[in-house]
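Structure below is upload10.txt: compact mmCIF, C-alpha atoms.
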```
# COMPACT_ATOMS: atom_id res chain seq x y z
CA MET A 1 -2.60 -40.08 17.39
CA THR A 2 -3.78 -39.88 13.81
CA SER A 3 -5.66 -42.67 12.07
CA ASP A 4 -2.38 -43.94 10.56
CA GLY A 5 -0.71 -44.22 13.99
CA HIS A 6 1.42 -41.08 13.80
CA GLU A 7 1.46 -38.54 16.59
CA ALA A 8 -0.83 -35.62 15.69
CA THR A 9 0.91 -32.28 15.35
CA PRO A 10 0.18 -29.60 17.93
CA VAL A 11 0.56 -26.89 15.25
CA ARG A 12 -2.69 -24.98 14.57
CA VAL A 13 -2.08 -22.20 12.04
CA LYS A 14 -4.68 -19.39 12.27
CA LYS A 15 -3.69 -17.23 9.25
CA LEU A 16 -0.79 -16.38 7.02
CA GLY A 17 1.60 -14.44 9.24
CA HIS A 18 3.97 -12.83 6.77
CA VAL A 19 5.96 -13.35 3.59
CA VAL A 20 9.59 -12.26 3.27
CA LEU A 21 11.02 -11.59 -0.18
CA THR A 22 14.65 -11.02 -1.11
CA VAL A 23 14.59 -8.23 -3.68
CA SER A 24 17.12 -6.71 -6.07
CA ASP A 25 16.14 -3.05 -5.49
CA ILE A 26 14.74 -2.35 -2.03
CA GLU A 27 13.38 1.12 -2.88
CA ARG A 28 11.71 -0.03 -6.13
CA SER A 29 10.06 -2.92 -4.28
CA THR A 30 9.03 -0.69 -1.36
CA THR A 31 7.38 1.67 -3.86
CA PHE A 32 5.56 -1.28 -5.47
CA TRP A 33 4.26 -2.57 -2.12
CA THR A 34 3.13 0.89 -0.97
CA GLU A 35 1.86 2.52 -4.17
CA ILE A 36 0.49 -0.54 -6.01
CA MET A 37 -0.41 -2.91 -3.15
CA GLY A 38 -1.48 -0.22 -0.63
CA PHE A 39 0.71 -1.37 2.28
CA GLU A 40 2.37 0.96 4.78
CA VAL A 41 5.97 0.87 5.98
CA SER A 42 6.14 -0.09 9.67
CA ASP A 43 9.91 -0.12 10.07
CA ARG A 44 13.30 -0.40 8.43
CA ASN A 45 16.09 -2.20 10.24
CA GLU A 46 19.86 -1.81 10.33
CA LEU A 47 20.26 -4.53 7.66
CA GLY A 48 18.16 -2.56 5.17
CA MET A 49 15.04 -4.72 5.55
CA VAL A 50 11.67 -3.02 5.09
CA PHE A 51 8.66 -4.23 7.08
CA LEU A 52 5.22 -3.53 5.58
CA ARG A 53 1.73 -3.86 7.03
CA ASN A 54 -1.80 -3.91 5.66
CA ALA A 55 -3.64 -4.12 9.00
CA SER A 56 -2.69 -4.09 12.66
CA ASP A 57 0.05 -6.76 12.55
CA HIS A 58 3.47 -5.11 12.55
CA HIS A 59 4.20 -6.66 9.17
CA THR A 60 2.61 -8.96 6.62
CA VAL A 61 5.36 -8.55 4.02
CA ALA A 62 9.05 -7.94 4.64
CA LEU A 63 11.63 -7.09 2.00
CA VAL A 64 15.30 -8.08 2.27
CA PRO A 65 17.86 -6.44 0.00
CA ALA A 66 19.72 -9.02 -2.13
CA LYS A 67 23.47 -9.18 -1.67
CA SER A 68 23.88 -9.39 -5.43
CA GLY A 69 21.70 -9.13 -8.51
CA GLY A 70 20.49 -12.23 -10.23
CA GLU A 71 17.61 -13.73 -12.02
CA PRO A 72 14.56 -14.92 -10.11
CA HIS A 73 13.78 -18.61 -10.49
CA GLY A 74 11.95 -19.64 -13.62
CA GLU A 75 8.33 -20.77 -13.64
CA GLY A 76 8.18 -24.46 -12.75
CA GLN A 77 11.61 -24.37 -11.07
CA PRO A 78 12.20 -24.89 -7.34
CA GLY A 79 11.74 -21.71 -5.30
CA PHE A 80 9.05 -19.28 -4.22
CA HIS A 81 5.92 -19.67 -6.38
CA HIS A 82 3.50 -16.99 -5.12
CA CYS A 83 1.94 -15.36 -2.12
CA ALA A 84 -1.85 -15.08 -2.02
CA LEU A 85 -3.74 -12.36 -0.21
CA ALA A 86 -7.51 -12.13 0.18
CA VAL A 87 -9.61 -9.12 -0.80
CA GLY A 88 -13.25 -8.57 0.13
CA THR A 89 -15.20 -9.05 -3.10
CA VAL A 90 -14.94 -10.08 -6.73
CA SER A 91 -15.96 -6.53 -7.68
CA GLU A 92 -12.76 -5.35 -6.03
CA LEU A 93 -10.78 -7.75 -8.22
CA PHE A 94 -12.09 -6.06 -11.37
CA LYS A 95 -11.03 -2.64 -10.05
CA ILE A 96 -7.63 -4.01 -8.99
CA ARG A 97 -7.10 -5.61 -12.40
CA ASP A 98 -7.83 -2.30 -14.16
CA PHE A 99 -5.55 -0.45 -11.74
CA LEU A 100 -2.68 -2.89 -12.34
CA ARG A 101 -3.10 -2.77 -16.12
CA ALA A 102 -3.12 1.05 -16.11
CA ARG A 103 0.21 1.01 -14.27
CA GLY A 104 1.85 -1.58 -16.50
CA VAL A 105 2.02 -4.30 -13.84
CA PRO A 106 2.31 -7.65 -15.67
CA ILE A 107 -0.75 -9.85 -15.01
CA VAL A 108 0.08 -13.52 -15.46
CA TYR A 109 -3.27 -15.09 -14.56
CA GLU A 110 -6.88 -14.21 -13.93
CA GLY A 111 -10.00 -16.28 -13.44
CA ARG A 112 -10.63 -19.34 -11.29
CA ARG A 113 -8.24 -22.32 -11.16
CA GLY A 114 -10.39 -24.96 -9.53
CA PRO A 115 -9.69 -26.25 -6.03
CA GLY A 116 -10.73 -23.63 -3.47
CA GLY A 117 -13.13 -22.01 -5.93
CA ASN A 118 -11.58 -18.58 -5.45
CA PRO A 119 -11.57 -16.13 -8.37
CA GLY A 120 -8.36 -14.16 -8.51
CA ILE A 121 -5.66 -12.34 -10.38
CA GLU A 122 -1.95 -13.05 -10.24
CA PHE A 123 0.74 -10.58 -11.24
CA LYS A 124 4.46 -9.94 -10.99
CA ASP A 125 6.24 -7.64 -8.59
CA PRO A 126 9.40 -5.78 -9.73
CA ASP A 127 11.61 -8.85 -9.04
CA GLY A 128 9.30 -11.27 -10.81
CA PHE A 129 7.64 -12.74 -7.72
CA ASN A 130 4.03 -13.79 -8.31
CA ILE A 131 1.39 -12.21 -6.10
CA GLU A 132 -2.21 -13.42 -6.13
CA LEU A 133 -5.17 -11.40 -4.92
CA TYR A 134 -8.36 -13.41 -4.54
CA ALA A 135 -11.87 -13.34 -3.11
CA LEU A 136 -14.30 -15.92 -1.72
CA MET A 137 -12.13 -18.94 -0.96
CA ASP A 138 -14.29 -22.01 -0.32
CA GLN A 139 -14.54 -22.83 3.38
CA ILE A 140 -14.30 -26.36 4.76
CA GLY A 141 -17.24 -27.22 6.99
CA PRO A 142 -17.36 -29.35 10.14
CA ASP A 143 -17.60 -32.50 7.99
CA GLY A 144 -14.05 -31.83 6.70
CA LYS A 145 -15.08 -32.17 3.06
CA SER A 146 -14.21 -29.78 0.26
CA ARG A 147 -16.20 -28.98 -2.87
CA PRO A 148 -16.37 -32.00 -5.22
CA ALA A 149 -14.01 -31.77 -8.22
CA GLU A 150 -16.92 -31.84 -10.69
CA GLN A 151 -17.98 -28.42 -9.32
CA TRP A 152 -14.61 -26.67 -9.75
CA ARG A 153 -15.51 -24.88 -13.02
CA ARG A 154 -12.18 -23.39 -14.02
CA ALA A 155 -12.37 -19.96 -15.69
CA LYS A 156 -9.78 -18.09 -17.78
CA THR A 157 -11.04 -14.57 -16.97
CA LEU A 158 -12.82 -12.81 -14.15
CA GLU A 159 -15.73 -12.22 -16.50
CA GLU A 160 -16.00 -15.96 -17.18
CA ALA A 161 -15.80 -16.74 -13.44
CA VAL A 162 -18.66 -14.32 -12.69
CA ALA A 163 -20.76 -15.57 -15.62
CA ASN A 164 -20.38 -19.17 -14.39
CA PRO A 165 -20.46 -19.02 -10.57
CA LEU A 166 -19.91 -22.12 -8.49
CA PRO A 167 -22.97 -23.78 -6.95
CA GLY A 168 -24.02 -21.88 -3.82
CA VAL A 169 -21.75 -18.89 -4.48
CA VAL A 170 -22.90 -15.32 -5.13
CA TYR A 171 -20.29 -12.89 -6.44
CA ARG A 172 -20.49 -9.25 -5.35
```

Could you write out this file's structure as structure tokens?
Amino acid sequence: MTSDGHEATPVRVKKLGHVVLTVSDIERSTTFWTEIMGFEVSDRNELGMVFLRNASDHHTVALVPAKSGGEPHGEGQPGFHHCALAVGTVSELFKIRDFLRARGVPIVYEGRRGPGGNPGIEFKDPDGFNIELYALMDQIGPDGKSRPAEQWRRAKTLEEAVANPLPGVVYR
């Protein structure tokens, strides 16, 4: 039982398993996920789905071909907002940002938003889905408390995030 008298859930999520996106052009999106994001194709099924991996799991991202074209949802509208994937260091984020810019991938955000303390970049895939790559997410300790809001220090660029690190954080 929880403190409010509800039965506690038995669900204990260990990591993000996978994200599935319905895309307008399966080959264009597969190229984006392999050539820009560095994933590998694990399989394609009889329905035209493409399963992509970045480690040993069979897939972390799967692509489903849309039955018809259409516009992705608008920002602030109900629907998929973004998928976030961790990278090793903030230095990697700078290299990734330069790589994306050189290839014309639209970057919609960079810096540090606040809660979680993680610097990151967010960009659009070919269908307009937002993808975030980030480093150094705050960890919650045994006391169950997160970083106090007065320490969030939002930043509008990666440079600003590095110049103003959060207390106790060292960016590499």

Q: Just give me the gap between CA of Ser56 (chain A) and CA of Ser42 (chain A) in Å, one decimal is fine.
A: 10.1 Å

Q.
Could you list, as JSON, numbers by chain, every residue within 9 Å of Asp125 (chain A), counting all atoms listed in the file and ignoring same-chain residues fewer than 4 positions away?
A. {"A": [29, 32, 33, 105, 106, 129, 130, 131]}

Q.
With only C-alpha atoms as the counted atoms, please give the residues lying no more than 12 Å from Phe94 (chain A), apart from itself and same-chain residues fewer than 2 positions off, as JSON, numbers by chain.
A. {"A": [87, 88, 89, 90, 91, 92, 96, 97, 98, 99, 100, 101, 110, 111, 119, 120, 121, 133, 134, 135, 157, 158, 159, 161, 162, 171, 172]}

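Picture a line from CA of Arg113 (chain A) to CA of Ala163 (chain A); it runs 14.9 Å.
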
Q) Hey, what's within 8 Å of Phe39 (chain A) if we count all atoms listed in the file and toss same-chain stuff fewer than 5 positions away? As a ChimeraX atom specification, please? A) /A:33-34,52-54

Q: Kindly indicate which residue among A:Thr60, A:Ser3, A:Asn45, A:Thr31 lies nearest to Val19 (chain A), using all atoms listed in the file for the distances.
A: A:Thr60

Q: Mind checking which residues fall within 12 Å of Thr30 (chain A), counting all atoms listed in the file, ignoring those fewer than 5 positions away in the same chain, and posting them as an MDAnalysis selection string?
A: chainID A and resid 21:25 35:44 48:53 61:65 125:127

Just to be explicit: take each residue in the selection above, keep C-alpha atoms, and write the result as a tab-separated table (two decimals), keeping the file's coordinate frame.
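Resulting contents of selection.tsv:
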```tsv
chain	number	residue	atom	x	y	z
A	21	LEU	CA	11.02	-11.59	-0.18
A	22	THR	CA	14.65	-11.02	-1.11
A	23	VAL	CA	14.59	-8.23	-3.68
A	24	SER	CA	17.12	-6.71	-6.07
A	25	ASP	CA	16.14	-3.05	-5.49
A	35	GLU	CA	1.86	2.52	-4.17
A	36	ILE	CA	0.49	-0.54	-6.01
A	37	MET	CA	-0.41	-2.91	-3.15
A	38	GLY	CA	-1.48	-0.22	-0.63
A	39	PHE	CA	0.71	-1.37	2.28
A	40	GLU	CA	2.37	0.96	4.78
A	41	VAL	CA	5.97	0.87	5.98
A	42	SER	CA	6.14	-0.09	9.67
A	43	ASP	CA	9.91	-0.12	10.07
A	44	ARG	CA	13.30	-0.40	8.43
A	48	GLY	CA	18.16	-2.56	5.17
A	49	MET	CA	15.04	-4.72	5.55
A	50	VAL	CA	11.67	-3.02	5.09
A	51	PHE	CA	8.66	-4.23	7.08
A	52	LEU	CA	5.22	-3.53	5.58
A	53	ARG	CA	1.73	-3.86	7.03
A	61	VAL	CA	5.36	-8.55	4.02
A	62	ALA	CA	9.05	-7.94	4.64
A	63	LEU	CA	11.63	-7.09	2.00
A	64	VAL	CA	15.30	-8.08	2.27
A	65	PRO	CA	17.86	-6.44	0.00
A	125	ASP	CA	6.24	-7.64	-8.59
A	126	PRO	CA	9.40	-5.78	-9.73
A	127	ASP	CA	11.61	-8.85	-9.04
```

Q | For Lys15 (chain A), the nearest of the candidates A:Glu160, A:Trp152, A:Ala86, A:Lys67, counting all atoms listed in the file | A |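 Distance minimum relative to Lys15 (chain A) lands on A:Ala86.
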
**Q.** CA of His18 (chain A) to CA of Leu136 (chain A), distance in Å rounded to a single decimal
**A.**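 Answer for the CA of His18 (chain A) to CA of Leu136 (chain A) separation: 20.4 Å.
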
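Take the candidates A:Gly117, A:Lys14, A:Gly128, A:Met137 and check each one against Ala149 (chain A) using all atoms listed in the file; the shortest distance goes to A:Gly117.
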
List as a tab-separated table (two decimals) with C-alpha atoms, keeping the file's coordinate frame the protein and nucleic acid residues near Pro148 (chain A), meaning an atom at most 12 Å away when all atoms listed in the file are counted, but skip any in the same chain fewer than 2 places from it.
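Result saved to around.tsv:
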```tsv
chain	number	residue	atom	x	y	z
A	114	GLY	CA	-10.39	-24.96	-9.53
A	115	PRO	CA	-9.69	-26.25	-6.03
A	116	GLY	CA	-10.73	-23.63	-3.47
A	117	GLY	CA	-13.13	-22.01	-5.93
A	138	ASP	CA	-14.29	-22.01	-0.32
A	140	ILE	CA	-14.30	-26.36	4.76
A	145	LYS	CA	-15.08	-32.17	3.06
A	146	SER	CA	-14.21	-29.78	0.26
A	150	GLU	CA	-16.92	-31.84	-10.69
A	151	GLN	CA	-17.98	-28.42	-9.32
A	152	TRP	CA	-14.61	-26.67	-9.75
A	153	ARG	CA	-15.51	-24.88	-13.02
A	166	LEU	CA	-19.91	-22.12	-8.49
A	167	PRO	CA	-22.97	-23.78	-6.95
```

Q. Using all atoms listed in the file, which of A:Glu27, A:Glu122, A:Asp57, A:Glu46 sits nearest His82 (chain A)?
A.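 Comparing A:Glu27, A:Glu122, A:Asp57, A:Glu46 against His82 (chain A), the winner is A:Glu122.
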
Generate N, CA and C atoms for region 126-144 of chain A and emit them as an mmCIF file, in the frame of the given file.
```
data_model
loop_
_atom_site.group_PDB
_atom_site.id
_atom_site.type_symbol
_atom_site.label_atom_id
_atom_site.label_comp_id
_atom_site.auth_asym_id
_atom_site.auth_seq_id
_atom_site.Cartn_x
_atom_site.Cartn_y
_atom_site.Cartn_z
ATOM 1 N N PRO A 126 8.230 -6.202 -8.955
ATOM 2 C CA PRO A 126 9.400 -5.780 -9.730
ATOM 3 C C PRO A 126 10.504 -6.831 -9.861
ATOM 4 N N ASP A 127 10.591 -7.802 -8.947
ATOM 5 C CA ASP A 127 11.610 -8.850 -9.040
ATOM 6 C C ASP A 127 11.086 -10.129 -9.680
ATOM 7 N N GLY A 128 9.848 -10.096 -10.150
ATOM 8 C CA GLY A 128 9.300 -11.270 -10.810
ATOM 9 C C GLY A 128 8.596 -12.249 -9.895
ATOM 10 N N PHE A 129 8.392 -11.886 -8.628
ATOM 11 C CA PHE A 129 7.640 -12.740 -7.720
ATOM 12 C C PHE A 129 6.154 -12.655 -8.080
ATOM 13 N N ASN A 130 5.463 -13.783 -8.043
ATOM 14 C CA ASN A 130 4.030 -13.790 -8.310
ATOM 15 C C ASN A 130 3.251 -13.469 -7.045
ATOM 16 N N ILE A 131 2.282 -12.583 -7.190
ATOM 17 C CA ILE A 131 1.390 -12.210 -6.100
ATOM 18 C C ILE A 131 -0.030 -12.461 -6.586
ATOM 19 N N GLU A 132 -0.812 -13.163 -5.787
ATOM 20 C CA GLU A 132 -2.210 -13.420 -6.130
ATOM 21 C C GLU A 132 -3.104 -12.649 -5.166
ATOM 22 N N LEU A 133 -4.096 -11.990 -5.712
ATOM 23 C CA LEU A 133 -5.170 -11.400 -4.920
ATOM 24 C C LEU A 133 -6.435 -12.163 -5.289
ATOM 25 N N TYR A 134 -7.187 -12.588 -4.280
ATOM 26 C CA TYR A 134 -8.360 -13.410 -4.540
ATOM 27 C C TYR A 134 -9.495 -13.033 -3.608
ATOM 28 N N ALA A 135 -10.690 -13.533 -3.950
ATOM 29 C CA ALA A 135 -11.870 -13.340 -3.110
ATOM 30 C C ALA A 135 -12.621 -14.673 -2.998
ATOM 31 N N LEU A 136 -13.343 -14.825 -1.911
ATOM 32 C CA LEU A 136 -14.300 -15.920 -1.720
ATOM 33 C C LEU A 136 -13.705 -17.321 -1.811
ATOM 34 N N MET A 137 -12.668 -17.584 -1.057
ATOM 35 C CA MET A 137 -12.130 -18.940 -0.960
ATOM 36 C C MET A 137 -13.186 -19.844 -0.340
ATOM 37 N N ASP A 138 -13.390 -21.035 -0.931
ATOM 38 C CA ASP A 138 -14.290 -22.010 -0.320
ATOM 39 C C ASP A 138 -13.860 -22.269 1.117
ATOM 40 N N GLN A 139 -14.819 -22.502 1.986
ATOM 41 C CA GLN A 139 -14.540 -22.830 3.380
ATOM 42 C C GLN A 139 -14.860 -24.302 3.610
ATOM 43 N N ILE A 140 -14.084 -24.952 4.434
ATOM 44 C CA ILE A 140 -14.300 -26.360 4.760
ATOM 45 C C ILE A 140 -15.185 -26.415 5.994
ATOM 46 N N GLY A 141 -16.283 -27.129 5.886
ATOM 47 C CA GLY A 141 -17.240 -27.220 6.990
ATOM 48 C C GLY A 141 -16.827 -28.250 8.031
ATOM 49 N N PRO A 142 -17.663 -28.427 9.045
ATOM 50 C CA PRO A 142 -17.360 -29.350 10.140
ATOM 51 C C PRO A 142 -17.186 -30.801 9.672
ATOM 52 N N ASP A 143 -17.745 -31.133 8.494
ATOM 53 C CA ASP A 143 -17.600 -32.500 7.990
ATOM 54 C C ASP A 143 -16.220 -32.754 7.392
ATOM 55 N N GLY A 144 -15.407 -31.690 7.216
ATOM 56 C CA GLY A 144 -14.050 -31.830 6.700
ATOM 57 C C GLY A 144 -13.962 -32.049 5.199
#
```
